[in-house]
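Here is the structure we will look at, set down as structure tokens.
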Amino acid sequence: MLVRNLWLDVAPTQVLTLIAPPEEGGLPPGAPMPGYASSQVLESRIPRFSRGDIIYASSGWEDYSVIDGKGYWDATKVSPGVSPNLAVGALGITGMVAYFGVTEVAKPRPGETFVVSAAAGGVGSVAAQVAKVLGLRVIGIAGGKEKCEWLLTEAGVDGAIDHRGGNVASRLDELCPKGIDIFFDNVGGAVLDLALERLRPHGRIVLCGTTARYRQTTSAPGPLNYWQLIMVNGRMEGLLGRDYFDRFPEAIAALKGWLDSGQIKAKEDVVVGLENAPAALGRLLSGENLGKQLVKIADPSP
Ligand SMILES: NC(=O)c1ccc[n+]([C@@H]2O[C@H](COP(=O)([O-])OP(=O)(O)OC[C@H]3O[C@@H](n4cnc5c(N)ncnc54)[C@H](OP(=O)(O)O)[C@@H]3O)[C@@H](O)[C@H]2O)c1
């Protein structure tokens with residue numbers, strides 16, 4: 001298919017393709033950055049798509065791409081009533097990972113204490129709100145006052161911890177006096193150790209991402225407090241969104257229902273212009289983004 005890219009999904013893991021040498025999967029010089037996008041089909045030799053369709057697919061940081069429709073998530077048509085930005089944000093891989101991480105990996109029970117790192121980011125902001133809808137007590141960890149303010153006033157979480165402005169350990173003790181039932185980790189590193197230390201009996205840790213490590217070129221030590229998993233019969237499990245591919249329609253329907261009813265909000269951080277895509281990736285690594293980092297390239301043609 002020849003497609004016009006409309007909105008780009010910017011993800012922290014894209015930095016790995018810049019760091020790794022080409023023989024280890026890194027991006028060869030001159031190649032476009034691969035990534036997910038919502039796009040409009042201009043020409044298609046794939047029977048299930050036609051000119052004019054708006055799709056969500058593996059594409060690249062280009063105005064126009066030629067794609068085969070295959071990828072981590074094979075190309076799909078964006079459902080009627082879903083905007084191209086929502087399709088790459090809360091209803092894209094970001095939302096799928098948040099939904100299945102909470103519902104399937106964490107297997108929550110109402111009333112449990114749920115802590116999430118990078119809580120005001122793309123995945124974190126959806127995970128925090130889904131956990132609230134499911135009746136959990138939600139504490140978000142995020143960098144900066146503005147993010148914490150958003151979590152408390154817009155996302156409706158029960159507590160927010162600014163990891164740039166205070167002592168995370170003592171704030172966790174204050175806000176989770178009985179410990180943590182579920183930790184949804186987008187970051188890894190020191191915060192994972194703090195959560196392990198406070199894990200309650202039969203607690204669960206959802207390993208979604210390790211943003212703190214993506215730019216490290218030397219190996220970092222593993223979690224120090226993993227023994228706590230033994231002491232509390234805990235479980236720490238990796239989450240791969242693509243494992244749930246066959247169930248994505250179920251997650252899209254649930255999230256869209258909650259978005260339409262106002263129970264959750266899709267927070268988007270929009271950078272305009274393809275030329276600003278590298279800066280948008282930089283925002284994820286410096287923690288400037290509030291909500292899902294997107295790049296708008298164009299509107300669809302009528
Ligand atoms: N498992 C899967 O299938 C899957 C799929 C998609 C995404 N993911 C992972 O999910 C995580 C979230 O992705 P996203 O797209 O929603 O990104 P995001 O959370 O919106 O953006 C990254 C955030 O990470 C925090 N951060 C950045 N550098 C950091 C550092 N050195 N140490 C600690 N925190 C740092 C910042 O938040 P603060 O300012 O709040 O610290 C930043 O805003 C990523 O790790 C991503 O790789 C996993």
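Going by the structure tokens order, chains are called A, B, ..., each with residues numbered from 1, while ligands are numbered from 1 in the order shown.
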Could you report the residues within 7 Å of ligand 1, using only C-alpha atoms and all ligand atoms, as a PDB file with C-alpha atoms, in the first residue's frame?
```pdb
ATOM      1  CA  VAL A  10       6.150   8.127  19.327  1.00  0.00           C
ATOM      2  CA  ALA A  11       7.470   5.481  21.745  1.00  0.00           C
ATOM      3  CA  PRO A  12      10.472   5.378  24.108  1.00  0.00           C
ATOM      4  CA  THR A  13      11.731   2.091  22.592  1.00  0.00           C
ATOM      5  CA  ILE A  93      -0.803  -0.183  21.206  1.00  0.00           C
ATOM      6  CA  THR A  94      -0.555   2.207  24.164  1.00  0.00           C
ATOM      7  CA  VAL A  97      -0.882  -2.616  26.717  1.00  0.00           C
ATOM      8  CA  SER A 117       5.193   4.548  37.384  1.00  0.00           C
ATOM      9  CA  ALA A 118       5.351   7.116  34.540  1.00  0.00           C
ATOM     10  CA  ALA A 119       1.682   7.489  35.514  1.00  0.00           C
ATOM     11  CA  ALA A 120       1.066  10.627  33.455  1.00  0.00           C
ATOM     12  CA  GLY A 121       2.612   9.153  30.301  1.00  0.00           C
ATOM     13  CA  GLY A 122       0.861   7.354  27.453  1.00  0.00           C
ATOM     14  CA  VAL A 123       0.553   3.837  28.874  1.00  0.00           C
ATOM     15  CA  GLY A 124       0.590   4.973  32.503  1.00  0.00           C
ATOM     16  CA  ILE A 141       4.330   8.218  40.350  1.00  0.00           C
ATOM     17  CA  ALA A 142       5.281  10.944  37.877  1.00  0.00           C
ATOM     18  CA  GLY A 143       7.914  13.598  37.293  1.00  0.00           C
ATOM     19  CA  GLY A 144       6.862  17.129  38.174  1.00  0.00           C
ATOM     20  CA  ASN A 186       6.888   1.519  32.991  1.00  0.00           C
ATOM     21  CA  VAL A 187      10.283   2.650  34.203  1.00  0.00           C
ATOM     22  CA  CYS A 208       5.584  -3.137  31.041  1.00  0.00           C
ATOM     23  CA  GLY A 209       8.674  -1.084  30.225  1.00  0.00           C
ATOM     24  CA  THR A 210      12.098   0.003  31.431  1.00  0.00           C
ATOM     25  CA  THR A 211      12.337   3.573  30.156  1.00  0.00           C
ATOM     26  CA  ALA A 212      15.026   4.352  32.750  1.00  0.00           C
ATOM     27  CA  ARG A 213      17.294   1.879  30.976  1.00  0.00           C
ATOM     28  CA  LEU A 239       3.731  -7.943  29.547  1.00  0.00           C
ATOM     29  CA  LEU A 240       3.870  -8.029  25.755  1.00  0.00           C
ATOM     30  CA  GLY A 241       0.946  -6.238  24.164  1.00  0.00           C
ATOM     31  CA  ARG A 242       1.130  -8.260  20.960  1.00  0.00           C
ATOM     32  CA  LEU A 284       9.737  11.163  26.178  1.00  0.00           C
ATOM     33  CA  LEU A 285      13.302  10.733  27.370  1.00  0.00           C
ATOM     34  CA  SER A 286      13.458  14.045  29.196  1.00  0.00           C
ATOM     35  CA  GLY A 287      10.017  13.447  30.676  1.00  0.00           C
ATOM     36  CA  GLU A 288       8.482  16.598  29.151  1.00  0.00           C
ATOM     37  CA  ASN A 289       5.460  14.768  27.735  1.00  0.00           C
ATOM     38  CA  LEU A 290       2.166  14.849  29.608  1.00  0.00           C
ATOM     39  CA  GLY A 291       0.021  12.083  28.127  1.00  0.00           C
ATOM     40  CA  LYS A 292       0.646  10.099  24.970  1.00  0.00           C
ATOM     41  CA  GLN A 293       3.326  11.672  22.775  1.00  0.00           C
TER      42      GLN A 293
END
```
Please tabulate, as JSON lines, the residues of segment 155-223 of chain A that come within 12 Å of segment 254-275 of chain A, each with its closest pair of atoms and the distance in Å to one decimal, counting only C-alpha atoms and ordering rows by chain, then residue number upward.
```
{"residue": "A:Ala155", "atom": "CA", "partner": "A:Lys265", "partner_atom": "CA", "distance": 7.0}
{"residue": "A:Gly156", "atom": "CA", "partner": "A:Ile264", "partner_atom": "CA", "distance": 9.1}
{"residue": "A:Val157", "atom": "CA", "partner": "A:Ile264", "partner_atom": "CA", "distance": 11.2}
```
Convert the current residue selection to file output with C-alpha atoms, as a PDB file, in the first residue's frame.
```
ATOM      1  CA  ALA A 155      -7.349  11.284  35.982  1.00  0.00           C
ATOM      2  CA  GLY A 156      -8.949  11.075  39.437  1.00  0.00           C
ATOM      3  CA  VAL A 157      -6.260   8.990  41.128  1.00  0.00           C
TER       4      VAL A 157
END
```
Contacts of Cys176 of chain A within 9 Å, only C-alpha atoms, excl. fewer than 5 positions in-chain, as a compact mmCIF listing (two decimals) with N, CA and C atoms, in the first residue's frame:
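File produced: selection_25.txt:
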```
# COMPACT_ATOMS: atom_id res chain seq x y z
N THR A 113 -4.58 -1.88 46.34
CA THR A 113 -3.75 -0.70 46.10
C THR A 113 -2.88 -0.93 44.87
N VAL A 115 -0.17 0.81 42.20
CA VAL A 115 0.80 1.90 42.00
C VAL A 115 1.33 1.78 40.58
N ILE A 139 -2.34 4.96 43.02
CA ILE A 139 -1.30 5.94 43.32
C ILE A 139 -0.41 6.04 42.08
N ARG A 171 7.06 8.85 50.58
CA ARG A 171 5.70 9.13 50.06
C ARG A 171 4.93 7.82 49.82
N ARG A 198 7.83 -3.13 49.21
CA ARG A 198 6.53 -2.86 49.83
C ARG A 198 5.41 -3.78 49.34
```
* Any chance you could list, as a PyMOL selection string, the residues in segment 195-261 of chain A that come up alpha helix (DSSP H) when DSSP is run on the backbone? => chain A and resi 195-197+228-231+248-260
* **Residue contacts of Arg45 of chain A (12 Å, only C-alpha atoms) excluding same-chain residues fewer than 4 positions away, as a list in words** =>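 What passes the distance filter is Met1, Leu2, Val3, Val41, Phe49, Ser50, Arg51, Val66, Ile67, Asp68 and Gly69 of chain A.
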* Point-to-point distance in Å for atom CA of Leu152 of chain A and atom CA of Ile180 of chain A ->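 Atom-to-atom, atom CA of Ile180 of chain A to atom CA of Leu152 of chain A, that is 18.9 Å.
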* To do: List the neighbours of Trp227 of chain A out to 12 Å using only C-alpha atoms; skip same-chain residues closer than 6 positions along the sequence, and give me the result as a PyMOL selection string.
  => chain A and resi 193+196-199+233-236
* To do: Record the distance separating atom CA of Arg164 of chain A and atom CA of Arg215 of chain A, expressed in Å with one decimal.
  =>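 Here the two named atoms are 19.0 Å from each other.
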Using only C-alpha atoms, which residues of segment 27-99 of chain A come within 12 Å of segment 278-281 of chain A, and what is the closest atom pair for each, with the distance in Å to one decimal? Give it as JSON lines, sorted by chain and residue number.
```
{"residue": "A:Pro32", "atom": "CA", "partner": "A:Pro278", "partner_atom": "CA", "distance": 11.4}
{"residue": "A:Met33", "atom": "CA", "partner": "A:Pro278", "partner_atom": "CA", "distance": 9.5}
{"residue": "A:Gly35", "atom": "CA", "partner": "A:Leu281", "partner_atom": "CA", "distance": 11.5}
{"residue": "A:Trp61", "atom": "CA", "partner": "A:Pro278", "partner_atom": "CA", "distance": 9.3}
```
Please write the residues from the selection above to a file, keeping C-alpha atoms, as a PDB file, in the first residue's frame.
```
ATOM      1  CA  PRO A  32      13.461   6.227   8.079  1.00  0.00           C
ATOM      2  CA  MET A  33      12.605   5.636  11.718  1.00  0.00           C
ATOM      3  CA  GLY A  35       6.993   3.268  13.988  1.00  0.00           C
ATOM      4  CA  TRP A  61       8.646   8.808  10.050  1.00  0.00           C
TER       5      TRP A  61
END
```
* To do: Just the residues within 12 Å of Arg200 of chain A, please, counting only C-alpha atoms, with nothing from its chain fewer than 5 positions along; format it as a ChimeraX atom specification.
  => /A:112-114,176-183,195,205,228-235
Enumerate, as a short mmCIF file (atom, residue, chain, number, x, y, z; two decimals) with C-alpha atoms, in the first residue's frame, the complete set of residues in segment 152-247 of chain A that a backbone-based DSSP assignment places in strand (DSSP E or B).
```cif
data_model
loop_
_atom_site.label_atom_id
_atom_site.label_comp_id
_atom_site.auth_asym_id
_atom_site.auth_seq_id
_atom_site.Cartn_x
_atom_site.Cartn_y
_atom_site.Cartn_z
CA GLY A 159 -2.58 9.90 45.36
CA ALA A 160 0.32 11.21 43.31
CA ILE A 161 4.05 11.12 44.00
CA ASP A 162 6.40 13.57 42.31
CA ILE A 180 1.28 -2.37 47.43
CA ASP A 181 -0.92 -5.05 45.88
CA ILE A 182 -0.09 -4.23 42.25
CA PHE A 183 2.82 -2.30 40.78
CA PHE A 184 2.53 -1.46 37.06
CA ASP A 185 6.07 -0.56 36.06
CA LEU A 199 4.77 -5.70 48.01
CA ARG A 200 1.88 -7.20 49.94
CA PRO A 201 1.08 -10.92 50.22
CA HIS A 202 0.23 -12.27 46.75
CA GLY A 203 1.21 -8.93 45.23
CA ARG A 204 1.77 -8.63 41.49
CA ILE A 205 4.27 -6.61 39.50
CA VAL A 206 3.47 -5.93 35.85
CA LEU A 207 6.68 -5.36 33.90
CA ARG A 235 4.48 -12.59 41.11
CA MET A 236 6.45 -10.43 38.68
CA GLU A 237 5.38 -10.93 35.07
CA GLY A 238 6.41 -9.43 31.76
#
```
* Mind pulling up the distance from atom CA of Asn276 of chain A to atom CA of Leu42 of chain A? ->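 Here the two named atoms are 24.0 Å from each other.
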* Residues within 8 Å of Ala298 of chain A, only C-alpha atoms, excluding chain neighbours under 4 positions, as a VMD selection string -> chain A and resid 5 to 7
Could the residues in this selection be written to a file with N, CA and C atoms, as a tab-separated table (two decimals), in the first residue's frame?
```
chain	number	residue	atom	x	y	z
A	5	ASN	N	0.93	9.28	5.72
A	5	ASN	CA	0.94	9.21	7.18
A	5	ASN	C	0.30	10.47	7.77
A	6	LEU	N	-0.55	10.26	8.79
A	6	LEU	CA	-1.30	11.38	9.38
A	6	LEU	C	-0.79	11.71	10.79
A	7	TRP	N	-0.77	10.71	11.65
A	7	TRP	CA	-0.34	10.89	13.05
A	7	TRP	C	0.67	9.80	13.39
```
* Asked: Which residue gives the smallest distance to Pro108 of chain A among A:Leu134, A:Thr76, A:Gln129, A:Pro21, with only C-alpha atoms counted?
  ->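 For Pro108 of chain A, the nearest of the given residues is A:Leu134.
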